[in-house]
$ cat final37.pdb   # PDB, C-alpha atoms
MODEL        1
ATOM      1  CA  MET V   1      12.994 -29.117   5.192  1.00  0.00           C
ATOM      2  CA  ASP V   2      15.041 -25.941   5.392  1.00  0.00           C
ATOM      3  CA  ALA V   3      13.295 -22.569   5.536  1.00  0.00           C
ATOM      4  CA  LEU V   4      14.054 -21.468   1.964  1.00  0.00           C
ATOM      5  CA  THR V   5      12.889 -24.766   0.512  1.00  0.00           C
ATOM      6  CA  LEU V   6       9.659 -24.381   2.477  1.00  0.00           C
ATOM      7  CA  LEU V   7       9.145 -20.823   1.230  1.00  0.00           C
ATOM      8  CA  HIS V   8       9.969 -21.731  -2.377  1.00  0.00           C
ATOM      9  CA  GLN V   9       7.872 -24.912  -2.547  1.00  0.00           C
ATOM     10  CA  ARG V  10       4.704 -24.109  -0.591  1.00  0.00           C
ATOM     11  CA  SER V  11       1.616 -24.229  -2.745  1.00  0.00           C
ATOM     12  CA  SER V  12      -2.116 -24.455  -2.266  1.00  0.00           C
ATOM     13  CA  MET V  13      -3.699 -27.876  -2.297  1.00  0.00           C
ATOM     14  CA  GLY V  14      -7.293 -27.912  -3.476  1.00  0.00           C
ATOM     15  CA  LYS V  15      -8.021 -31.597  -2.857  1.00  0.00           C
ATOM     16  CA  LEU V  16      -7.963 -32.375   0.848  1.00  0.00           C
ATOM     17  CA  THR V  17      -8.993 -35.536   2.666  1.00  0.00           C
ATOM     18  CA  GLU V  18      -9.187 -36.968   6.172  1.00  0.00           C
ATOM     19  CA  PRO V  19      -7.619 -36.870   8.597  1.00  0.00           C
ATOM     20  CA  ALA V  20      -7.699 -33.309   9.830  1.00  0.00           C
ATOM     21  CA  PRO V  21      -4.630 -32.038  11.662  1.00  0.00           C
ATOM     22  CA  ASP V  22      -4.305 -33.570  15.118  1.00  0.00           C
ATOM     23  CA  ALA V  23      -3.917 -31.552  18.329  1.00  0.00           C
ATOM     24  CA  GLU V  24      -0.115 -31.518  18.149  1.00  0.00           C
ATOM     25  CA  GLN V  25      -0.148 -30.376  14.524  1.00  0.00           C
ATOM     26  CA  LEU V  26      -2.727 -27.683  15.289  1.00  0.00           C
ATOM     27  CA  GLU V  27      -0.583 -26.356  18.097  1.00  0.00           C
ATOM     28  CA  ALA V  28       2.360 -26.146  15.672  1.00  0.00           C
ATOM     29  CA  LEU V  29       0.167 -24.278  13.158  1.00  0.00           C
ATOM     30  CA  TYR V  30      -0.988 -21.774  15.765  1.00  0.00           C
ATOM     31  CA  GLN V  31       2.511 -21.269  17.134  1.00  0.00           C
ATOM     32  CA  ALA V  32       3.658 -20.425  13.599  1.00  0.00           C
ATOM     33  CA  ALA V  33       0.733 -18.007  13.208  1.00  0.00           C
ATOM     34  CA  LEU V  34       1.590 -16.271  16.464  1.00  0.00           C
ATOM     35  CA  ARG V  35       5.030 -15.329  15.096  1.00  0.00           C
ATOM     36  CA  ALA V  36       3.464 -12.906  12.604  1.00  0.00           C
ATOM     37  CA  PRO V  37       4.790  -9.335  12.567  1.00  0.00           C
ATOM     38  CA  ASP V  38       2.791  -7.452  15.162  1.00  0.00           C
ATOM     39  CA  HIS V  39       3.306  -3.721  15.721  1.00  0.00           C
ATOM     40  CA  LYS V  40       2.714  -2.780  19.377  1.00  0.00           C
ATOM     41  CA  GLU V  41       2.091  -6.472  20.228  1.00  0.00           C
ATOM     42  CA  LEU V  42      -1.644  -6.076  19.666  1.00  0.00           C
ATOM     43  CA  ARG V  43      -2.039  -9.691  18.549  1.00  0.00           C
ATOM     44  CA  PRO V  44      -4.787  -8.539  16.173  1.00  0.00           C
ATOM     45  CA  TRP V  45      -6.071 -11.959  15.271  1.00  0.00           C
ATOM     46  CA  ARG V  46      -8.326 -14.737  16.411  1.00  0.00           C
ATOM     47  CA  PHE V  47      -8.948 -18.135  14.940  1.00  0.00           C
ATOM     48  CA  ILE V  48     -12.183 -20.113  14.661  1.00  0.00           C
ATOM     49  CA  GLU V  49     -11.842 -23.851  14.013  1.00  0.00           C
ATOM     50  CA  PHE V  50     -14.557 -25.703  12.139  1.00  0.00           C
ATOM     51  CA  SER V  51     -14.454 -29.494  12.127  1.00  0.00           C
ATOM     52  CA  GLY V  52     -17.087 -32.224  12.183  1.00  0.00           C
ATOM     53  CA  GLU V  53     -20.530 -30.664  12.647  1.00  0.00           C
ATOM     54  CA  GLY V  54     -18.902 -27.236  12.880  1.00  0.00           C
ATOM     55  CA  ARG V  55     -18.268 -27.416   9.128  1.00  0.00           C
ATOM     56  CA  VAL V  56     -21.962 -28.181   8.590  1.00  0.00           C
ATOM     57  CA  ARG V  57     -22.913 -25.146  10.686  1.00  0.00           C
ATOM     58  CA  LEU V  58     -20.509 -22.992   8.656  1.00  0.00           C
ATOM     59  CA  GLY V  59     -22.107 -24.328   5.466  1.00  0.00           C
ATOM     60  CA  GLU V  60     -25.539 -23.372   6.793  1.00  0.00           C
ATOM     61  CA  LEU V  61     -24.204 -19.880   7.470  1.00  0.00           C
ATOM     62  CA  PHE V  62     -22.949 -19.680   3.873  1.00  0.00           C
ATOM     63  CA  ALA V  63     -26.348 -20.855   2.599  1.00  0.00           C
ATOM     64  CA  GLU V  64     -28.110 -18.246   4.729  1.00  0.00           C
ATOM     65  CA  ALA V  65     -25.821 -15.592   3.236  1.00  0.00           C
ATOM     66  CA  GLU V  66     -26.804 -16.762  -0.241  1.00  0.00           C
ATOM     67  CA  PHE V  67     -30.489 -16.691   0.662  1.00  0.00           C
ATOM     68  CA  GLN V  68     -30.287 -13.213   2.183  1.00  0.00           C
ATOM     69  CA  GLU V  69     -28.519 -11.955  -0.946  1.00  0.00           C
ATOM     70  CA  ASP V  70     -31.091 -13.616  -3.203  1.00  0.00           C
ATOM     71  CA  PRO V  71     -34.305 -14.984  -1.605  1.00  0.00           C
ATOM     72  CA  GLY V  72     -35.010 -16.673  -4.922  1.00  0.00           C
ATOM     73  CA  ALA V  73     -31.737 -18.592  -4.936  1.00  0.00           C
ATOM     74  CA  SER V  74     -32.127 -22.102  -6.278  1.00  0.00           C
ATOM     75  CA  ASP V  75     -31.792 -25.190  -4.116  1.00  0.00           C
ATOM     76  CA  ASP V  76     -28.660 -26.038  -6.119  1.00  0.00           C
ATOM     77  CA  THR V  77     -27.096 -22.680  -5.198  1.00  0.00           C
ATOM     78  CA  LEU V  78     -27.961 -23.087  -1.517  1.00  0.00           C
ATOM     79  CA  ASN V  79     -26.723 -26.683  -1.445  1.00  0.00           C
ATOM     80  CA  ALA V  80     -23.474 -25.670  -3.159  1.00  0.00           C
ATOM     81  CA  ALA V  81     -22.928 -23.059  -0.439  1.00  0.00           C
ATOM     82  CA  ARG V  82     -23.608 -25.692   2.245  1.00  0.00           C
ATOM     83  CA  GLN V  83     -21.031 -28.032   0.699  1.00  0.00           C
ATOM     84  CA  LYS V  84     -18.135 -25.560   0.542  1.00  0.00           C
ATOM     85  CA  PRO V  85     -16.799 -26.148   4.083  1.00  0.00           C
ATOM     86  CA  LEU V  86     -17.059 -29.910   3.545  1.00  0.00           C
ATOM     87  CA  ARG V  87     -14.278 -29.828   0.940  1.00  0.00           C
ATOM     88  CA  ALA V  88     -11.745 -30.330   3.736  1.00  0.00           C
ATOM     89  CA  PRO V  89     -11.809 -32.050   7.114  1.00  0.00           C
ATOM     90  CA  MET V  90     -11.093 -28.744   8.871  1.00  0.00           C
ATOM     91  CA  VAL V  91     -11.487 -25.060   8.166  1.00  0.00           C
ATOM     92  CA  ILE V  92      -9.871 -22.308  10.205  1.00  0.00           C
ATOM     93  CA  ALA V  93     -11.256 -18.792   9.880  1.00  0.00           C
ATOM     94  CA  VAL V  94      -8.550 -16.214  10.457  1.00  0.00           C
ATOM     95  CA  ILE V  95     -10.070 -13.040  11.833  1.00  0.00           C
ATOM     96  CA  ALA V  96      -8.329  -9.668  12.045  1.00  0.00           C
ATOM     97  CA  LYS V  97      -9.369  -8.548  15.520  1.00  0.00           C
ATOM     98  CA  VAL V  98      -8.921  -4.849  14.926  1.00  0.00           C
ATOM     99  CA  THR V  99      -8.378  -2.259  17.632  1.00  0.00           C
ATOM    100  CA  PRO V 100      -9.779   0.877  15.974  1.00  0.00           C
ATOM    101  CA  GLU V 101      -8.360   4.384  16.071  1.00  0.00           C
ATOM    102  CA  LEU V 102      -4.761   3.609  16.957  1.00  0.00           C
ATOM    103  CA  PRO V 103      -2.768   6.360  15.257  1.00  0.00           C
ATOM    104  CA  LYS V 104       0.473   4.358  15.103  1.00  0.00           C
ATOM    105  CA  VAL V 105      -1.150   1.055  14.106  1.00  0.00           C
ATOM    106  CA  PRO V 106      -3.841   1.717  11.505  1.00  0.00           C
ATOM    107  CA  LYS V 107      -6.497  -0.859  10.686  1.00  0.00           C
ATOM    108  CA  MET V 108      -4.745  -1.862   7.477  1.00  0.00           C
ATOM    109  CA  GLU V 109      -1.597  -2.799   9.375  1.00  0.00           C
ATOM    110  CA  GLN V 110      -3.585  -4.936  11.808  1.00  0.00           C
ATOM    111  CA  VAL V 111      -5.355  -6.729   8.950  1.00  0.00           C
ATOM    112  CA  ILE V 112      -2.025  -7.364   7.228  1.00  0.00           C
ATOM    113  CA  SER V 113      -0.666  -8.767  10.481  1.00  0.00           C
ATOM    114  CA  ALA V 114      -3.582 -11.206  10.619  1.00  0.00           C
ATOM    115  CA  GLY V 115      -2.820 -12.071   6.980  1.00  0.00           C
ATOM    116  CA  CYS V 116       0.729 -12.872   8.007  1.00  0.00           C
ATOM    117  CA  ALA V 117      -0.657 -15.130  10.749  1.00  0.00           C
ATOM    118  CA  ALA V 118      -2.719 -16.928   8.094  1.00  0.00           C
ATOM    119  CA  HIS V 119       0.385 -17.318   5.953  1.00  0.00           C
ATOM    120  CA  GLY V 120       2.203 -18.760   8.963  1.00  0.00           C
ATOM    121  CA  ILE V 121      -0.492 -21.433   9.197  1.00  0.00           C
ATOM    122  CA  LEU V 122      -0.056 -22.269   5.500  1.00  0.00           C
ATOM    123  CA  LEU V 123       3.714 -22.525   5.815  1.00  0.00           C
ATOM    124  CA  ALA V 124       3.534 -24.664   8.936  1.00  0.00           C
ATOM    125  CA  ALA V 125       0.961 -26.948   7.301  1.00  0.00           C
ATOM    126  CA  HIS V 126       3.286 -27.481   4.343  1.00  0.00           C
ATOM    127  CA  ALA V 127       6.242 -28.143   6.652  1.00  0.00           C
ATOM    128  CA  LEU V 128       4.170 -30.801   8.451  1.00  0.00           C
ATOM    129  CA  GLY V 129       3.168 -32.485   5.198  1.00  0.00           C
ATOM    130  CA  LEU V 130      -0.437 -31.313   5.435  1.00  0.00           C
ATOM    131  CA  GLY V 131      -2.464 -29.856   2.612  1.00  0.00           C
ATOM    132  CA  ALA V 132      -3.850 -26.332   2.908  1.00  0.00           C
ATOM    133  CA  MET V 133      -5.804 -23.887   0.798  1.00  0.00           C
ATOM    134  CA  TRP V 134      -6.420 -20.209   1.578  1.00  0.00           C
ATOM    135  CA  ARG V 135      -9.921 -19.238   0.509  1.00  0.00           C
ATOM    136  CA  SER V 136     -11.788 -16.028   1.035  1.00  0.00           C
ATOM    137  CA  GLY V 137     -14.343 -15.024  -1.565  1.00  0.00           C
ATOM    138  CA  LYS V 138     -17.609 -13.263  -0.961  1.00  0.00           C
ATOM    139  CA  TYR V 139     -18.399 -15.039   2.308  1.00  0.00           C
ATOM    140  CA  ALA V 140     -15.444 -13.333   3.962  1.00  0.00           C
ATOM    141  CA  PHE V 141     -17.184  -9.997   3.399  1.00  0.00           C
ATOM    142  CA  ASP V 142     -20.812 -11.005   3.794  1.00  0.00           C
ATOM    143  CA  PRO V 143     -22.742  -9.329   6.655  1.00  0.00           C
ATOM    144  CA  VAL V 144     -24.641 -12.551   7.489  1.00  0.00           C
ATOM    145  CA  VAL V 145     -21.374 -14.468   7.836  1.00  0.00           C
ATOM    146  CA  ARG V 146     -19.758 -11.643   9.802  1.00  0.00           C
ATOM    147  CA  LYS V 147     -22.663 -11.628  12.249  1.00  0.00           C
ATOM    148  CA  GLY V 148     -22.689 -15.425  12.488  1.00  0.00           C
ATOM    149  CA  LEU V 149     -18.994 -15.382  13.403  1.00  0.00           C
ATOM    150  CA  SER V 150     -19.613 -12.663  16.032  1.00  0.00           C
ATOM    151  CA  LEU V 151     -17.309 -10.146  14.396  1.00  0.00           C
ATOM    152  CA  ASP V 152     -17.097  -6.649  15.777  1.00  0.00           C
ATOM    153  CA  GLU V 153     -17.666  -3.754  13.383  1.00  0.00           C
ATOM    154  CA  ASP V 154     -13.973  -3.213  12.640  1.00  0.00           C
ATOM    155  CA  ASP V 155     -13.018  -6.897  12.437  1.00  0.00           C
ATOM    156  CA  GLU V 156     -12.303  -8.596   9.106  1.00  0.00           C
ATOM    157  CA  VAL V 157     -12.322 -12.186   7.916  1.00  0.00           C
ATOM    158  CA  VAL V 158      -8.880 -12.510   6.390  1.00  0.00           C
ATOM    159  CA  ALA V 159      -9.078 -16.144   5.318  1.00  0.00           C
ATOM    160  CA  PHE V 160     -10.869 -19.412   5.496  1.00  0.00           C
ATOM    161  CA  ILE V 161      -7.989 -21.869   5.550  1.00  0.00           C
ATOM    162  CA  TYR V 162      -9.016 -25.353   4.460  1.00  0.00           C
ATOM    163  CA  LEU V 163      -6.817 -28.055   6.006  1.00  0.00           C
ATOM    164  CA  GLY V 164      -6.398 -31.776   5.667  1.00  0.00           C
ATOM    165  CA  SER V 165      -4.256 -34.510   4.264  1.00  0.00           C
ATOM    166  CA  LEU V 166      -3.045 -34.325   0.691  1.00  0.00           C
ATOM    167  CA  GLY V 167      -5.760 -35.809  -1.466  1.00  0.00           C
ATOM    168  CA  GLY V 168      -4.291 -35.515  -4.910  1.00  0.00           C
ATOM    169  CA  ARG V 169      -1.131 -35.000  -6.854  1.00  0.00           C
ATOM    170  CA  HIS V 170       0.962 -32.105  -5.680  1.00  0.00           C
ATOM    171  CA  LYS V 171       1.152 -29.843  -8.703  1.00  0.00           C
ATOM    172  CA  PRO V 172       4.565 -28.479  -9.637  1.00  0.00           C
ATOM    173  CA  VAL V 173       5.251 -25.021  -8.282  1.00  0.00           C
ATOM    174  CA  ALA V 174       5.595 -22.445 -11.029  1.00  0.00           C
ATOM    175  CA  ARG V 175       8.841 -20.545 -11.048  1.00  0.00           C
ATOM    176  CA  HIS V 176       8.464 -16.812 -11.588  1.00  0.00           C
ATOM    177  CA  ASP V 177      11.065 -14.304 -12.669  1.00  0.00           C
ATOM    178  CA  SER V 178      11.459 -11.901  -9.763  1.00  0.00           C
ATOM    179  CA  ALA V 179      12.501  -9.164 -12.208  1.00  0.00           C
ATOM    180  CA  ASP V 180       8.861  -9.034 -13.351  1.00  0.00           C
ATOM    181  CA  PHE V 181       7.849  -7.817  -9.875  1.00  0.00           C
ATOM    182  CA  VAL V 182      10.797  -5.767  -8.630  1.00  0.00           C
ATOM    183  CA  GLU V 183      11.552  -2.125  -9.299  1.00  0.00           C
ATOM    184  CA  ARG V 184      14.996  -0.981  -8.210  1.00  0.00           C
ATOM    185  CA  TRP V 185      15.976   2.534  -7.275  1.00  0.00           C
ATOM    186  CA  ASN V 186      19.765   2.691  -7.268  1.00  0.00           C
TER     187      ASN V 186
ENDMDL
END

$ encode --input "final37.pdb" --output "structure tokens"
Amino acid sequence: MDALTLLHQRSSMGKLTEPAPDAEQLEALYQAALRAPDHKELRPWRFIEFSGEGRVRLGELFAEAEFQEDPGASDDTLNAARQKPLRAPMVIAVIAKVTPELPKVPKMEQVISAGCAAHGILLAAHALGLGAMWRSGKYAFDPVVRKGLSLDEDDEVVAFIYLGSLGGRHKPVARHDSADFVERWN
């Protein structure tokens, strides 16, 4: 697959099944992530892999976040939170590992760099024929989840990337008119 085809055809895949990426595929995903734009070579990212029982532990962390937000949360709500990481055979949390107070590399730039690393994982997954879905949602910002993932004060969860084999039909990629998004100053 050539690079432009990859960029034009990548899409999120919500239905993911076993198997999870193998060690060789994971190395390819991480190598793609490590090519993200990186001002001052800070490498402002870290990755946490959740597979097997690790996904169950992540689900428990999500349920604890729900409970802390609402101690009266129903069992259905807590169980739904527990099930979220089980929707794929692997989840990778992409963390912006921020070095604070750098005048030439503000926090926002470091977070964007980590976002580019996450995008690299998505692109590499597609190139390898894997399915991937970038999820964030409220758990990415929840203090219970942040603490459970051992984030420092300035760190940010950029993405929970769900990975696996394609488990459903690959939906057609919508074509957008770039003119709807581009302003030109000539």

$ resolve_selection --input "final37.pdb" --expression "the PyMOL selection byres ((chain V and resi 27-44) around 10)" --output "PyMOL selection string"
chain V and resi 21-26+45-47+94-99+104-107+109-128+155

$ atom_distance --input "final37.pdb" --atom1 "atom CA of V:Met13" --atom2 "atom CA of V:Arg135"
11.0 Å

$ resolve_selection --input "final37.pdb" --expression "the PyMOL selection byres ((chain V and resi 49) around 8)" --output "list in words"
Phe47, Ile48, Phe50, Ser51, Gly54, Met90, Val91, Ile92 and Ala93 of chain V

$ write_last_selection --input "final37.pdb" --atoms "C-alpha atoms" --output "PDB file, keeping the file's coordinate frame"
ATOM      1  CA  PHE V  47      -8.948 -18.135  14.940  1.00  0.00           C
ATOM      2  CA  ILE V  48     -12.183 -20.113  14.661  1.00  0.00           C
ATOM      3  CA  PHE V  50     -14.557 -25.703  12.139  1.00  0.00           C
ATOM      4  CA  SER V  51     -14.454 -29.494  12.127  1.00  0.00           C
ATOM      5  CA  GLY V  54     -18.902 -27.236  12.880  1.00  0.00           C
ATOM      6  CA  MET V  90     -11.093 -28.744   8.871  1.00  0.00           C
ATOM      7  CA  VAL V  91     -11.487 -25.060   8.166  1.00  0.00           C
ATOM      8  CA  ILE V  92      -9.871 -22.308  10.205  1.00  0.00           C
ATOM      9  CA  ALA V  93     -11.256 -18.792   9.880  1.00  0.00           C
TER      10      ALA V  93
END

$ closest_atom_pairs --input "final37.pdb" --of "stretch 107-139 of chain V" --to "stretch 158-175 of chain V" --cutoff "6 Å" --atoms "all atoms listed in the file" --output "tab-separated table"
residue	atom	partner	partner_atom	distance
V:Leu130	CA	V:Ser165	CA	5.1
V:Gly131	CA	V:Leu166	CA	4.9
V:Ala132	CA	V:Leu163	CA	4.6
V:Met133	CA	V:Tyr162	CA	5.1
V:Trp134	CA	V:Ile161	CA	4.6
V:Arg135	CA	V:Phe160	CA	5.1
V:Ser136	CA	V:Ala159	CA	5.1

$ resolve_selection --input "final37.pdb" --expression "the PyMOL selection byres ((chain V and resi 62) around 8)" --output "MDAnalysis selection string"
chainID V and resid 58:61 63:66 81:82 139 145

$ atom_distance --input "final37.pdb" --atom1 "atom CA of V:Asp177" --atom2 "atom CA of V:Thr5"
16.9 Å

$ atom_distance --input "final37.pdb" --atom1 "atom CA of V:Arg57" --atom2 "atom CA of V:Gly14"
21.3 Å

$ axis_aligned_box --input "final37.pdb" --around "stretch 170-175 of chain V" --padding-each-side "6 Å" --output "lines of an AutoDock Vina configuration file"
center_x = 4.9
center_y = -26.3
center_z = -8.4
size_x = 19.9
size_y = 23.6
size_z = 17.4

$ closest_residue --input "final37.pdb" --among "V:Leu149, V:Ala20, V:Asp70, V:Arg55" --to "V:Lys84" --atoms "all atoms listed in the file"
V:Arg55

$ closest_residue --input "final37.pdb" --among "V:Leu6, V:Ala80, V:Val56, V:Leu86" --to "V:Glu18" --atoms "all atoms listed in the file"
V:Leu86
